[in-house]
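Engineer: Supplied structure: coords-v6.pdb, PDB, C-alpha atoms, pLDDT in the B column.
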ATOM      1  CA  MET A 116      93.939  83.450 150.421  1.00 81.00           C
ATOM      2  CA  THR A 117      96.870  85.846 150.170  1.00 84.00           C
ATOM      3  CA  ALA A 118      98.719  83.576 147.752  1.00 88.00           C
ATOM      4  CA  ALA A 119      95.611  83.060 145.617  1.00 86.00           C
ATOM      5  CA  ALA A 120      94.854  86.800 145.444  1.00 84.00           C
ATOM      6  CA  ALA A 121      98.456  87.661 144.587  1.00 88.00           C
ATOM      7  CA  ALA A 122      98.630  84.973 141.906  1.00 89.00           C
ATOM      8  CA  PHE A 123      95.382  86.140 140.280  1.00 86.00           C
ATOM      9  CA  CYS A 124      96.512  89.773 140.320  1.00 88.00           C
ATOM     10  CA  VAL A 125      99.825  88.864 138.684  1.00 90.00           C
ATOM     11  CA  LEU A 126      98.041  86.722 136.083  1.00 90.00           C
ATOM     12  CA  SER A 127      95.508  89.466 135.300  1.00 89.00           C
ATOM     13  CA  VAL A 128      98.184  92.136 134.898  1.00 90.00           C
ATOM     14  CA  SER A 129     100.254  89.815 132.698  1.00 91.00           C
ATOM     15  CA  LEU A 130      97.274  89.108 130.459  1.00 90.00           C
ATOM     16  CA  GLY A 131      96.506  92.823 130.281  1.00 88.00           C
ATOM     17  CA  ASN A 132     100.068  93.584 129.227  1.00 90.00           C
ATOM     18  CA  TRP A 133      99.873  90.841 126.588  1.00 90.00           C
ATOM     19  CA  GLN A 134      96.685  92.354 125.173  1.00 88.00           C
ATOM     20  CA  LEU A 135      98.359  95.775 124.996  1.00 86.00           C
ATOM     21  CA  ARG A 136     101.261  94.248 123.069  1.00 87.00           C
ATOM     22  CA  ARG A 137      98.756  92.682 120.676  1.00 85.00           C
ATOM     23  CA  ALA A 138      97.109  96.086 120.240  1.00 81.00           C
ATOM     24  CA  ALA A 139     100.481  97.647 119.416  1.00 79.00           C
ATOM     25  CA  GLU A 140     101.164  94.909 116.856  1.00 78.00           C
ATOM     26  CA  GLU A 141      97.757  95.486 115.244  1.00 77.00           C
ATOM     27  CA  GLU A 142      98.387  99.226 115.068  1.00 76.00           C
ATOM     28  CA  SER A 143     101.775  98.622 113.443  1.00 71.00           C
ATOM     29  CA  ALA A 144     100.228  96.240 110.903  1.00 69.00           C
ATOM     30  CA  GLN A 145      97.464  98.745 110.164  1.00 70.00           C
ATOM     31  CA  ALA A 146     100.033 101.494 109.579  1.00 70.00           C
ATOM     32  CA  GLU A 147     101.878  99.218 107.148  1.00 68.00           C
ATOM     33  CA  ARG A 148      98.640  98.412 105.299  1.00 68.00           C
ATOM     34  CA  GLU A 149      97.746 102.080 105.014  1.00 69.00           C
ATOM     35  CA  GLY A 150     101.231 102.865 103.760  1.00 68.00           C
ATOM     36  CA  ARG A 151     100.949 100.230 101.037  1.00 70.00           C
ATOM     37  CA  ALA A 152      97.507 101.492 100.030  1.00 70.00           C
ATOM     38  CA  ARG A 153      98.895 105.032  99.635  1.00 75.00           C
ATOM     39  CA  GLY A 154     101.690 103.871  97.339  1.00 74.00           C
ATOM     40  CA  ALA A 155     101.746 104.191  93.571  1.00 83.00           C
ATOM     41  CA  PRO A 156      99.758 101.552  91.629  1.00 87.00           C
ATOM     42  CA  VAL A 157     101.765  98.535  90.423  1.00 90.00           C
ATOM     43  CA  MET A 158     101.022  96.548  87.273  1.00 93.00           C
ATOM     44  CA  LEU A 159     100.002  92.978  88.097  1.00 92.00           C
ATOM     45  CA  PRO A 160     102.148  90.501  86.121  1.00 91.00           C
ATOM     46  CA  ALA A 161     100.983  87.277  84.520  1.00 88.00           C
ATOM     47  CA  ARG A 162     103.713  85.285  86.287  1.00 90.00           C
ATOM     48  CA  PRO A 163     102.969  83.735  89.715  1.00 89.00           C
ATOM     49  CA  ILE A 164     103.375  86.190  92.587  1.00 92.00           C
ATOM     50  CA  ASP A 165     103.961  86.039  96.328  1.00 91.00           C
ATOM     51  CA  ALA A 166     100.731  87.086  98.041  1.00 89.00           C
ATOM     52  CA  ASP A 167     102.487  88.531 101.114  1.00 88.00           C
ATOM     53  CA  ALA A 168     104.393  90.987  98.939  1.00 88.00           C
ATOM     54  CA  TRP A 169     101.233  92.222  97.195  1.00 89.00           C
ATOM     55  CA  VAL A 170      98.407  92.391  99.737  1.00 87.00           C
ATOM     56  CA  TRP A 171      97.054  95.884 100.423  1.00 88.00           C
ATOM     57  CA  ARG A 172      98.955  97.345  97.479  1.00 89.00           C
ATOM     58  CA  ARG A 173      97.225  99.358  94.796  1.00 91.00           C
ATOM     59  CA  VAL A 174      97.384  97.357  91.581  1.00 93.00           C
ATOM     60  CA  VAL A 175      96.496  97.639  87.914  1.00 94.00           C
ATOM     61  CA  ALA A 176      95.458  94.555  85.955  1.00 94.00           C
ATOM     62  CA  ARG A 177      94.864  94.345  82.203  1.00 94.00           C
ATOM     63  CA  GLY A 178      93.145  91.548  80.339  1.00 94.00           C
ATOM     64  CA  ARG A 179      89.713  90.102  79.606  1.00 94.00           C
ATOM     65  CA  PHE A 180      87.019  88.904  81.970  1.00 94.00           C
ATOM     66  CA  THR A 181      85.969  85.238  81.776  1.00 93.00           C
ATOM     67  CA  ASP A 182      82.310  85.537  82.698  1.00 92.00           C
ATOM     68  CA  LYS A 183      81.763  81.763  82.500  1.00 92.00           C
ATOM     69  CA  TYR A 184      83.401  81.357  85.902  1.00 94.00           C
ATOM     70  CA  THR A 185      81.799  84.318  87.671  1.00 94.00           C
ATOM     71  CA  ILE A 186      80.602  83.519  91.181  1.00 94.00           C
ATOM     72  CA  LEU A 187      78.325  85.436  93.555  1.00 92.00           C
ATOM     73  CA  LEU A 188      79.264  85.691  97.235  1.00 92.00           C
ATOM     74  CA  ASP A 189      75.983  85.444  99.117  1.00 90.00           C
ATOM     75  CA  ASN A 190      74.580  87.402 102.066  1.00 88.00           C
ATOM     76  CA  ARG A 191      76.631  90.566 101.656  1.00 89.00           C
ATOM     77  CA  ILE A 192      74.848  93.469 103.347  1.00 87.00           C
ATOM     78  CA  ARG A 193      75.036  97.100 102.202  1.00 86.00           C
ATOM     79  CA  ALA A 194      72.911  99.826 103.825  1.00 82.00           C
ATOM     80  CA  GLY A 195      70.681  97.186 105.361  1.00 84.00           C
ATOM     81  CA  ARG A 196      69.994  95.445 102.033  1.00 86.00           C
ATOM     82  CA  ALA A 197      70.978  91.866 101.234  1.00 87.00           C
ATOM     83  CA  GLY A 198      72.906  91.191  98.061  1.00 90.00           C
ATOM     84  CA  PHE A 199      75.921  89.579  96.449  1.00 92.00           C
ATOM     85  CA  GLU A 200      79.533  90.450  95.734  1.00 93.00           C
ATOM     86  CA  VAL A 201      80.423  89.627  92.137  1.00 94.00           C
ATOM     87  CA  VAL A 202      83.764  87.844  91.624  1.00 96.00           C
ATOM     88  CA  THR A 203      84.989  87.294  88.053  1.00 96.00           C
ATOM     89  CA  PRO A 204      88.347  85.911  86.846  1.00 96.00           C
ATOM     90  CA  LEU A 205      90.405  88.215  84.654  1.00 95.00           C
ATOM     91  CA  ALA A 206      92.697  86.578  82.097  1.00 95.00           C
ATOM     92  CA  ILE A 207      95.869  88.650  82.482  1.00 93.00           C
ATOM     93  CA  GLU A 208      97.236  89.834  79.164  1.00 90.00           C
ATOM     94  CA  ASP A 209     100.531  88.446  77.867  1.00 83.00           C
ATOM     95  CA  GLY A 210     100.174  85.266  79.925  1.00 78.00           C
ATOM     96  CA  ASP A 211      98.037  82.257  80.761  1.00 83.00           C
ATOM     97  CA  SER A 212      97.203  83.081  84.382  1.00 90.00           C
ATOM     98  CA  PHE A 213      94.144  84.679  85.951  1.00 95.00           C
ATOM     99  CA  VAL A 214      93.371  86.938  88.875  1.00 95.00           C
ATOM    100  CA  LEU A 215      90.032  87.034  90.648  1.00 96.00           C
ATOM    101  CA  VAL A 216      88.428  90.481  90.689  1.00 96.00           C
ATOM    102  CA  ASN A 217      85.797  91.357  93.259  1.00 96.00           C
ATOM    103  CA  ARG A 218      83.928  93.731  90.988  1.00 94.00           C
ATOM    104  CA  GLY A 219      81.462  95.071  93.555  1.00 93.00           C
ATOM    105  CA  TRP A 220      78.058  94.586  95.154  1.00 93.00           C
ATOM    106  CA  ILE A 221      74.641  94.048  93.587  1.00 92.00           C
ATOM    107  CA  ALA A 222      71.307  93.859  95.374  1.00 89.00           C
ATOM    108  CA  GLN A 223      69.453  90.586  95.695  1.00 84.00           C
ATOM    109  CA  GLY A 224      66.617  90.002  93.220  1.00 73.00           C
ATOM    110  CA  ARG A 225      62.978  89.435  94.078  1.00 68.00           C
ATOM    111  CA  THR A 226      63.744  85.906  95.263  1.00 66.00           C
ATOM    112  CA  ARG A 227      66.923  84.185  96.401  1.00 64.00           C
ATOM    113  CA  SER A 228      66.360  81.435  93.848  1.00 67.00           C
ATOM    114  CA  GLU A 229      66.860  83.906  90.988  1.00 74.00           C
ATOM    115  CA  PRO A 230      70.300  85.541  91.215  1.00 77.00           C
ATOM    116  CA  PRO A 231      70.517  88.999  89.618  1.00 81.00           C
ATOM    117  CA  THR A 232      71.877  89.480  86.125  1.00 83.00           C
ATOM    118  CA  VAL A 233      75.320  91.080  86.027  1.00 86.00           C
ATOM    119  CA  ARG A 234      76.741  92.832  82.982  1.00 88.00           C
ATOM    120  CA  THR A 235      80.354  91.892  82.244  1.00 90.00           C
ATOM    121  CA  PRO A 236      82.572  93.818  79.790  1.00 88.00           C
ATOM    122  CA  ALA A 237      83.396  91.615  76.795  1.00 86.00           C
ATOM    123  CA  GLY A 238      86.536  93.307  75.495  1.00 89.00           C
ATOM    124  CA  PRO A 239      89.923  94.195  76.947  1.00 92.00           C
ATOM    125  CA  VAL A 240      89.724  96.075  80.247  1.00 93.00           C
ATOM    126  CA  GLN A 241      92.033  97.748  82.717  1.00 94.00           C
ATOM    127  CA  ILE A 242      91.124  97.254  86.365  1.00 93.00           C
ATOM    128  CA  ASP A 243      92.364  99.425  89.216  1.00 94.00           C
ATOM    129  CA  GLY A 244      92.006  98.086  92.728  1.00 93.00           C
ATOM    130  CA  ILE A 245      93.488  96.893  96.006  1.00 92.00           C
ATOM    131  CA  ALA A 246      95.125  93.472  96.310  1.00 92.00           C
ATOM    132  CA  MET A 247      93.690  91.356  99.114  1.00 90.00           C
ATOM    133  CA  ALA A 248      94.308  87.847 100.438  1.00 85.00           C
ATOM    134  CA  PRO A 249      91.069  85.894 101.007  1.00 80.00           C
ATOM    135  CA  LEU A 250      90.645  83.965 104.235  1.00 63.00           C
ATOM    136  CA  ALA A 251      92.238  80.531 104.033  1.00 52.00           C
ATOM    137  CA  GLU A 252      89.725  78.899 106.403  1.00 48.00           C
ATOM    138  CA  VAL A 253      86.160  79.995 107.112  1.00 47.00           C
ATOM    139  CA  PHE A 254      83.614  78.209 109.299  1.00 46.00           C
ATOM    140  CA  GLU A 255      80.758  76.947 107.139  1.00 51.00           C
ATOM    141  CA  LEU A 256      77.615  74.988 107.884  1.00 51.00           C
ATOM    142  CA  GLY A 257      76.890  71.957 105.743  1.00 50.00           C
ATOM    143  CA  ASP A 258      78.772  70.702 102.711  1.00 50.00           C
ATOM    144  CA  PRO A 259      81.086  73.449 101.358  1.00 52.00           C
ATOM    145  CA  ALA A 260      81.456  71.769  97.948  1.00 52.00           C
ATOM    146  CA  ALA A 261      80.993  74.176  95.053  1.00 51.00           C
ATOM    147  CA  THR A 262      77.947  73.175  93.026  1.00 57.00           C
ATOM    148  CA  GLY A 263      76.829  76.469  91.460  1.00 78.00           C
ATOM    149  CA  ARG A 264      77.595  80.138  91.029  1.00 87.00           C
ATOM    150  CA  VAL A 265      76.350  81.253  94.457  1.00 89.00           C
ATOM    151  CA  TRP A 266      78.949  80.714  97.186  1.00 91.00           C
ATOM    152  CA  GLN A 267      78.964  81.593 100.869  1.00 89.00           C
ATOM    153  CA  HIS A 268      82.695  82.301 101.002  1.00 89.00           C
ATOM    154  CA  LEU A 269      85.598  82.447  98.586  1.00 91.00           C
ATOM    155  CA  ASN A 270      88.273  79.791  98.971  1.00 91.00           C
ATOM    156  CA  LEU A 271      91.003  79.904  96.331  1.00 92.00           C
ATOM    157  CA  ASP A 272      91.834  76.203  96.441  1.00 91.00           C
ATOM    158  CA  ARG A 273      88.177  75.297  96.023  1.00 91.00           C
ATOM    159  CA  TYR A 274      87.815  77.839  93.228  1.00 93.00           C
ATOM    160  CA  ARG A 275      90.834  76.439  91.369  1.00 93.00           C
ATOM    161  CA  ALA A 276      89.401  72.917  91.611  1.00 92.00           C
ATOM    162  CA  TRP A 277      85.955  74.093  90.483  1.00 93.00           C
ATOM    163  CA  SER A 278      87.079  76.250  87.550  1.00 92.00           C
ATOM    164  CA  GLY A 279      90.360  74.615  86.525  1.00 93.00           C
ATOM    165  CA  LEU A 280      91.914  78.091  86.244  1.00 94.00           C
ATOM    166  CA  ALA A 281      95.396  79.025  87.434  1.00 91.00           C
ATOM    167  CA  VAL A 282      94.431  82.024  89.567  1.00 94.00           C
ATOM    168  CA  GLN A 283      96.850  84.259  91.442  1.00 94.00           C
ATOM    169  CA  PRO A 284      96.900  83.960  95.273  1.00 94.00           C
ATOM    170  CA  ILE A 285      95.214  87.361  95.691  1.00 94.00           C
ATOM    171  CA  VAL A 286      91.847  88.935  94.972  1.00 94.00           C
ATOM    172  CA  VAL A 287      91.613  92.455  93.575  1.00 95.00           C
ATOM    173  CA  LEU A 288      88.967  94.702  95.105  1.00 93.00           C
ATOM    174  CA  GLN A 289      88.036  96.782  92.072  1.00 94.00           C
ATOM    175  CA  THR A 290      87.900 100.547  92.590  1.00 92.00           C
ATOM    176  CA  SER A 291      87.690 101.713  88.964  1.00 91.00           C
ATOM    177  CA  GLU A 292      84.436 102.019  87.050  1.00 87.00           C
ATOM    178  CA  SER A 293      83.382  99.552  84.345  1.00 81.00           C
ATOM    179  CA  GLY A 294      79.853 100.660  83.487  1.00 81.00           C
ATOM    180  CA  ASP A 295      78.316  97.589  85.136  1.00 83.00           C
ATOM    181  CA  GLU A 296      76.377  99.514  87.827  1.00 84.00           C
ATOM    182  CA  LEU A 297      77.980  97.570  90.681  1.00 90.00           C
ATOM    183  CA  LEU A 298      78.525  99.279  94.032  1.00 90.00           C
ATOM    184  CA  ARG A 299      82.209  99.553  94.969  1.00 89.00           C
ATOM    185  CA  ARG A 300      82.128 101.321  98.329  1.00 84.00           C
ATOM    186  CA  TRP A 301      84.424  98.975 100.205  1.00 80.00           C
ATOM    187  CA  PRO A 302      84.250  99.269 104.008  1.00 72.00           C
ATOM    188  CA  PRO A 303      87.523 100.457 105.550  1.00 69.00           C
ATOM    189  CA  PRO A 304      89.547  97.733 107.275  1.00 66.00           C
ATOM    190  CA  GLU A 305      89.593  97.557 111.057  1.00 67.00           C
ATOM    191  CA  SER A 306      92.892  96.994 112.817  1.00 62.00           C
ATOM    192  CA  GLY A 307      91.465  95.227 115.872  1.00 72.00           C
ATOM    193  CA  ALA A 308      93.667  97.312 118.194  1.00 74.00           C
ATOM    194  CA  ALA A 309      90.665  98.773 120.028  1.00 79.00           C
ATOM    195  CA  LYS A 310      89.395  95.277 120.839  1.00 83.00           C
ATOM    196  CA  HIS A 311      92.715  94.246 122.378  1.00 82.00           C
ATOM    197  CA  SER A 312      92.916  97.499 124.365  1.00 85.00           C
ATOM    198  CA  ALA A 313      89.439  96.868 125.767  1.00 87.00           C
ATOM    199  CA  TYR A 314      90.435  93.349 126.785  1.00 88.00           C
ATOM    200  CA  ALA A 315      93.560  94.729 128.472  1.00 87.00           C
ATOM    201  CA  TRP A 316      91.536  97.153 130.610  1.00 89.00           C
ATOM    202  CA  GLN A 317      89.192  94.334 131.584  1.00 90.00           C
ATOM    203  CA  TRP A 318      92.112  92.318 132.931  1.00 90.00           C
ATOM    204  CA  TYR A 319      93.486  95.360 134.795  1.00 89.00           C
ATOM    205  CA  ILE A 320      90.063  95.942 136.352  1.00 92.00           C
ATOM    206  CA  PHE A 321      89.919  92.289 137.453  1.00 89.00           C
ATOM    207  CA  ALA A 322      93.290  92.739 139.172  1.00 89.00           C
ATOM    208  CA  LEU A 323      92.133  95.966 140.866  1.00 90.00           C
ATOM    209  CA  LEU A 324      88.862  94.430 142.063  1.00 91.00           C
ATOM    210  CA  THR A 325      90.731  91.421 143.440  1.00 89.00           C
ATOM    211  CA  ALA A 326      93.064  93.713 145.398  1.00 89.00           C
ATOM    212  CA  ILE A 327      90.145  95.768 146.737  1.00 89.00           C
ATOM    213  CA  LEU A 328      88.209  92.655 147.729  1.00 88.00           C
ATOM    214  CA  TYR A 329      91.288  91.212 149.456  1.00 85.00           C
ATOM    215  CA  VAL A 330      91.832  94.382 151.497  1.00 86.00           C
ATOM    216  CA  ALA A 331      88.129  94.656 152.398  1.00 86.00           C
ATOM    217  CA  LEU A 332      87.927  91.052 153.584  1.00 83.00           C
ATOM    218  CA  ASN A 333      91.052  91.390 155.697  1.00 81.00           C
ATOM    219  CA  LEU A 334      89.799  94.625 157.295  1.00 82.00           C
ATOM    220  CA  LYS A 335      86.548  92.855 158.120  1.00 77.00           C
ATOM    221  CA  ARG A 336      88.433  89.971 159.707  1.00 79.00           C
ATOM    222  CA  ALA A 337      90.595  92.392 161.677  1.00 76.00           C
ATOM    223  CA  ARG A 338      87.554  94.209 163.084  1.00 78.00           C
ATOM    224  CA  ALA A 339      85.894  90.911 163.942  1.00 76.00           C
ATOM    225  CA  GLY A 340      89.034  89.803 165.780  1.00 67.00           C
TER     226      GLY A 340
END
Translate the structure of the given file into structure tokens.

Structural biologist:
Amino acid sequence: MTAAAAAFCVLSVSLGNWQLRRAAEEESAQAEREGRARGAPVMLPARPIDADAWVWRRVVARGRFTDKYTILLDNRIRAGRAGFEVVTPLAIEDGDSFVLVNRGWIAQGRTRSEPPTVRTPAGPVQIDGIAMAPLAEVFELGDPAATGRVWQHLNLDRYRAWSGLAVQPIVVLQTSESGDELLRRWPPPESGAAKHSAYAWQWYIFALLTAILYVALNLKRARAG
């Protein structure tokens, strides 16, 4: 019993320390993201870019929207209301590449079978926003094949195959206004450090309870003897 209690205490403390290291890493990554977001805006080029060097940076993109390949990301909730996030490719000027722009949120129509109408600027535009990297893999129920304009999640490889467009490996969360009445109040990112800290304290508590239980059981045995 002594060996088992000691081993579990050591394991619990080790796991708690690991969670604290993860929390510190998340805090460091969050500080780097916030530093990039506070930097000066950078013009997005038409040439291919490295996503890791651009994510969380403030960017400016100039070109024309291609409304034909607009998609609606379903089941996006704002203030308790269901709706869609509108994603439209922007043909970057002075080149033949595109960047996907998450233009904002629009409420769901009267029925889910009738997506809302979105106004898209027809002429040249300048978009200000934050560069993001969409999730590479997302759990989805059923067949994820793209068959229409309403999608559950955005996957760049699937979008390239569906549209045939050479899109950059980032998505721009638009922050500038375009007169399209879309809501652009993006929720602040969470670092996840608090979650890891909570897990760490759970493991420390397990170790403490094991030690207390071990002492209590041995005192009981000693009295019985």

Engineer: Enumerate, as an MDAnalysis selection string, the residues matched when the PyMOL selection byres ((chain A and resi 235-240) around 12) is run on the file above.

Structural biologist: chainID A and resid 175:185 201:208 216 218:219 232:234 241:243 289 291:297

Engineer: Take the PyMOL selection byres ((chain A and resi 162) around 8), apply it to the structure above, and return the hits as an MDAnalysis selection string.

Structural biologist: chainID A and resid 160:161 163:164 210 212

Engineer: So that I can check the surroundings of Leu126 in chain A, please list as a VMD selection string every protein, DNA and RNA residue that reaches within 10 Å of it, counting all atoms listed in the file and ignoring chain neighbours fewer than 5 positions away.

Structural biologist: chain A and resid 120 to 121 131 to 132 318 to 319 321 to 322

Engineer: Which is closer to Ser312 in chain A than all the others in A:Leu288, A:Ala138, A:Ala146, A:Val128, using all atoms listed in the file?

Structural biologist: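 Selected residue with least distance to Ser312 in chain A: A:Ala138.
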
Engineer: In Å, how far is it from CA of Lys310 in chain A to CA of Ser143 in chain A?

Structural biologist: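 Here the two named atoms are 14.8 Å from each other.
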
Engineer: Given the file shown, enumerate the residues that the PyMOL selection byres ((chain A and resi 155) around 9) captures and present them as a list in words.

Structural biologist: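 Answer for the PyMOL selection byres ((chain A and resi 155) around 9): Arg151, Ala152, Arg153, Gly154, Pro156, Val157, Arg172, Arg173 and Val174 of chain A.
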
Engineer: Restricting it to C-alpha atoms, dump the selection as a tab-separated table (two decimals), keeping the file's coordinate frame.

Structural biologist:
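Everything below was put into again_12.tsv:
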chain	number	residue	atom	x	y	z
A	151	ARG	CA	100.95	100.23	101.04
A	152	ALA	CA	97.51	101.49	100.03
A	153	ARG	CA	98.90	105.03	99.64
A	154	GLY	CA	101.69	103.87	97.34
A	156	PRO	CA	99.76	101.55	91.63
A	157	VAL	CA	101.76	98.54	90.42
A	172	ARG	CA	98.96	97.34	97.48
A	173	ARG	CA	97.22	99.36	94.80
A	174	VAL	CA	97.38	97.36	91.58

Engineer: Find the residues around Thr117 in chain A up to 12 Å (all atoms listed in the file counted), leave out those fewer than 2 positions away in its own chain, and share them as a list of chain:residue names.

Structural biologist: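 That gives A:Ala119, A:Ala120, A:Ala121, A:Ala122, A:Phe123, A:Cys124, A:Thr325, A:Ala326, A:Leu328, A:Tyr329, A:Val330, A:Leu332, A:Asn333.
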
Engineer: Keeping only C-alpha atoms, write those residues as an mmCIF file, in the coordinates of the input.

Structural biologist:
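Saved file result28.cif follows:
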data_model
loop_
_atom_site.group_PDB
_atom_site.id
_atom_site.type_symbol
_atom_site.label_atom_id
_atom_site.label_comp_id
_atom_site.auth_asym_id
_atom_site.auth_seq_id
_atom_site.Cartn_x
_atom_site.Cartn_y
_atom_site.Cartn_z
ATOM 1 C CA ALA A 119 95.611 83.060 145.617
ATOM 2 C CA ALA A 120 94.854 86.800 145.444
ATOM 3 C CA ALA A 121 98.456 87.661 144.587
ATOM 4 C CA ALA A 122 98.630 84.973 141.906
ATOM 5 C CA PHE A 123 95.382 86.140 140.280
ATOM 6 C CA CYS A 124 96.512 89.773 140.320
ATOM 7 C CA THR A 325 90.731 91.421 143.440
ATOM 8 C CA ALA A 326 93.064 93.713 145.398
ATOM 9 C CA LEU A 328 88.209 92.655 147.729
ATOM 10 C CA TYR A 329 91.288 91.212 149.456
ATOM 11 C CA VAL A 330 91.832 94.382 151.497
ATOM 12 C CA LEU A 332 87.927 91.052 153.584
ATOM 13 C CA ASN A 333 91.052 91.390 155.697
#

Engineer: How many Å separate CA of Asp189 in chain A from CA of Trp301 in chain A?

Structural biologist: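 Interatomic distance here is 16.0 Å.
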
Engineer: What does the structure give for the distance between CA of Ala118 in chain A and CA of Ile320 in chain A, in Å to one decimal?

Structural biologist: 18.9 Å

Engineer: Around (87.3, 77.9, 91.3) in the file's frame, which residues reach within 10 Å when counting only C-alpha atoms? Return as a ChimeraX atom specification?

Structural biologist: /A:184-186,204,215,261,264,269-282

Engineer: Which neighbours of Val170 in chain A fall inside 7 Å, counting only C-alpha atoms, when residues of the same chain fewer than 3 positions from it are skipped, and could you give them as a PDB file with C-alpha atoms, keeping the file's coordinate frame?

Structural biologist:
ATOM      1  CA  ALA A 166     100.731  87.086  98.041  1.00 89.00           C
ATOM      2  CA  ASP A 167     102.487  88.531 101.114  1.00 88.00           C
ATOM      3  CA  ALA A 246      95.125  93.472  96.310  1.00 92.00           C
ATOM      4  CA  MET A 247      93.690  91.356  99.114  1.00 90.00           C
ATOM      5  CA  ALA A 248      94.308  87.847 100.438  1.00 85.00           C
TER       6      ALA A 248
END

Engineer: Add whatever atoms are absent from range 186-200 of chain A to reach N, CA, C and O atoms, and provide the output as an mmCIF file, in the coordinates of the input.

Structural biologist:
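Produced file result-v6.cif, reproduced below:
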data_model
loop_
_atom_site.group_PDB
_atom_site.id
_atom_site.type_symbol
_atom_site.label_atom_id
_atom_site.label_comp_id
_atom_site.auth_asym_id
_atom_site.auth_seq_id
_atom_site.Cartn_x
_atom_site.Cartn_y
_atom_site.Cartn_z
ATOM 1 N N ILE A 186 81.344 84.015 90.026
ATOM 2 C CA ILE A 186 80.602 83.519 91.181
ATOM 3 C C ILE A 186 80.021 84.695 91.955
ATOM 4 O O ILE A 186 80.509 85.834 91.849
ATOM 5 N N LEU A 187 78.979 84.428 92.726
ATOM 6 C CA LEU A 187 78.325 85.436 93.555
ATOM 7 C C LEU A 187 78.498 85.051 95.014
ATOM 8 O O LEU A 187 78.095 83.951 95.425
ATOM 9 N N LEU A 188 79.104 85.935 95.802
ATOM 10 C CA LEU A 188 79.264 85.691 97.235
ATOM 11 C C LEU A 188 77.994 86.153 97.942
ATOM 12 O O LEU A 188 77.638 87.342 97.901
ATOM 13 N N ASP A 189 77.330 85.216 98.585
ATOM 14 C CA ASP A 189 75.983 85.444 99.117
ATOM 15 C C ASP A 189 76.010 86.184 100.447
ATOM 16 O O ASP A 189 77.017 86.217 101.167
ATOM 17 N N ASN A 190 74.845 86.787 100.764
ATOM 18 C CA ASN A 190 74.580 87.402 102.066
ATOM 19 C C ASN A 190 75.565 88.520 102.389
ATOM 20 O O ASN A 190 76.057 88.631 103.512
ATOM 21 N N ARG A 191 75.816 89.372 101.431
ATOM 22 C CA ARG A 191 76.631 90.566 101.656
ATOM 23 C C ARG A 191 75.693 91.758 101.828
ATOM 24 O O ARG A 191 74.879 92.050 100.960
ATOM 25 N N ILE A 192 75.797 92.429 102.973
ATOM 26 C CA ILE A 192 74.848 93.469 103.347
ATOM 27 C C ILE A 192 75.443 94.849 103.075
ATOM 28 O O ILE A 192 76.583 95.133 103.453
ATOM 29 N N ARG A 193 74.664 95.698 102.429
ATOM 30 C CA ARG A 193 75.036 97.100 102.202
ATOM 31 C C ARG A 193 73.812 97.960 102.519
ATOM 32 O O ARG A 193 72.746 97.771 101.942
ATOM 33 N N ALA A 194 73.988 98.912 103.444
ATOM 34 C CA ALA A 194 72.911 99.826 103.825
ATOM 35 C C ALA A 194 71.642 99.074 104.208
ATOM 36 O O ALA A 194 70.529 99.482 103.873
ATOM 37 N N GLY A 195 71.817 97.959 104.897
ATOM 38 C CA GLY A 195 70.681 97.186 105.361
ATOM 39 C C GLY A 195 70.021 96.304 104.317
ATOM 40 O O GLY A 195 69.016 95.654 104.613
ATOM 41 N N ARG A 196 70.577 96.259 103.110
ATOM 42 C CA ARG A 196 69.994 95.445 102.033
ATOM 43 C C ARG A 196 70.878 94.227 101.773
ATOM 44 O O ARG A 196 72.107 94.330 101.763
ATOM 45 N N ALA A 197 70.244 93.090 101.550
ATOM 46 C CA ALA A 197 70.978 91.866 101.234
ATOM 47 C C ALA A 197 71.339 91.853 99.757
ATOM 48 O O ALA A 197 70.601 92.374 98.908
ATOM 49 N N GLY A 198 72.477 91.270 99.453
ATOM 50 C CA GLY A 198 72.906 91.191 98.061
ATOM 51 C C GLY A 198 74.084 90.265 97.894
ATOM 52 O O GLY A 198 74.355 89.402 98.747
ATOM 53 N N PHE A 199 74.792 90.439 96.794
ATOM 54 C CA PHE A 199 75.921 89.579 96.449
ATOM 55 C C PHE A 199 77.129 90.436 96.071
ATOM 56 O O PHE A 199 76.981 91.548 95.553
ATOM 57 N N GLU A 200 78.316 89.886 96.310
ATOM 58 C CA GLU A 200 79.533 90.450 95.734
ATOM 59 C C GLU A 200 79.897 89.611 94.511
ATOM 60 O O GLU A 200 79.897 88.378 94.578
#
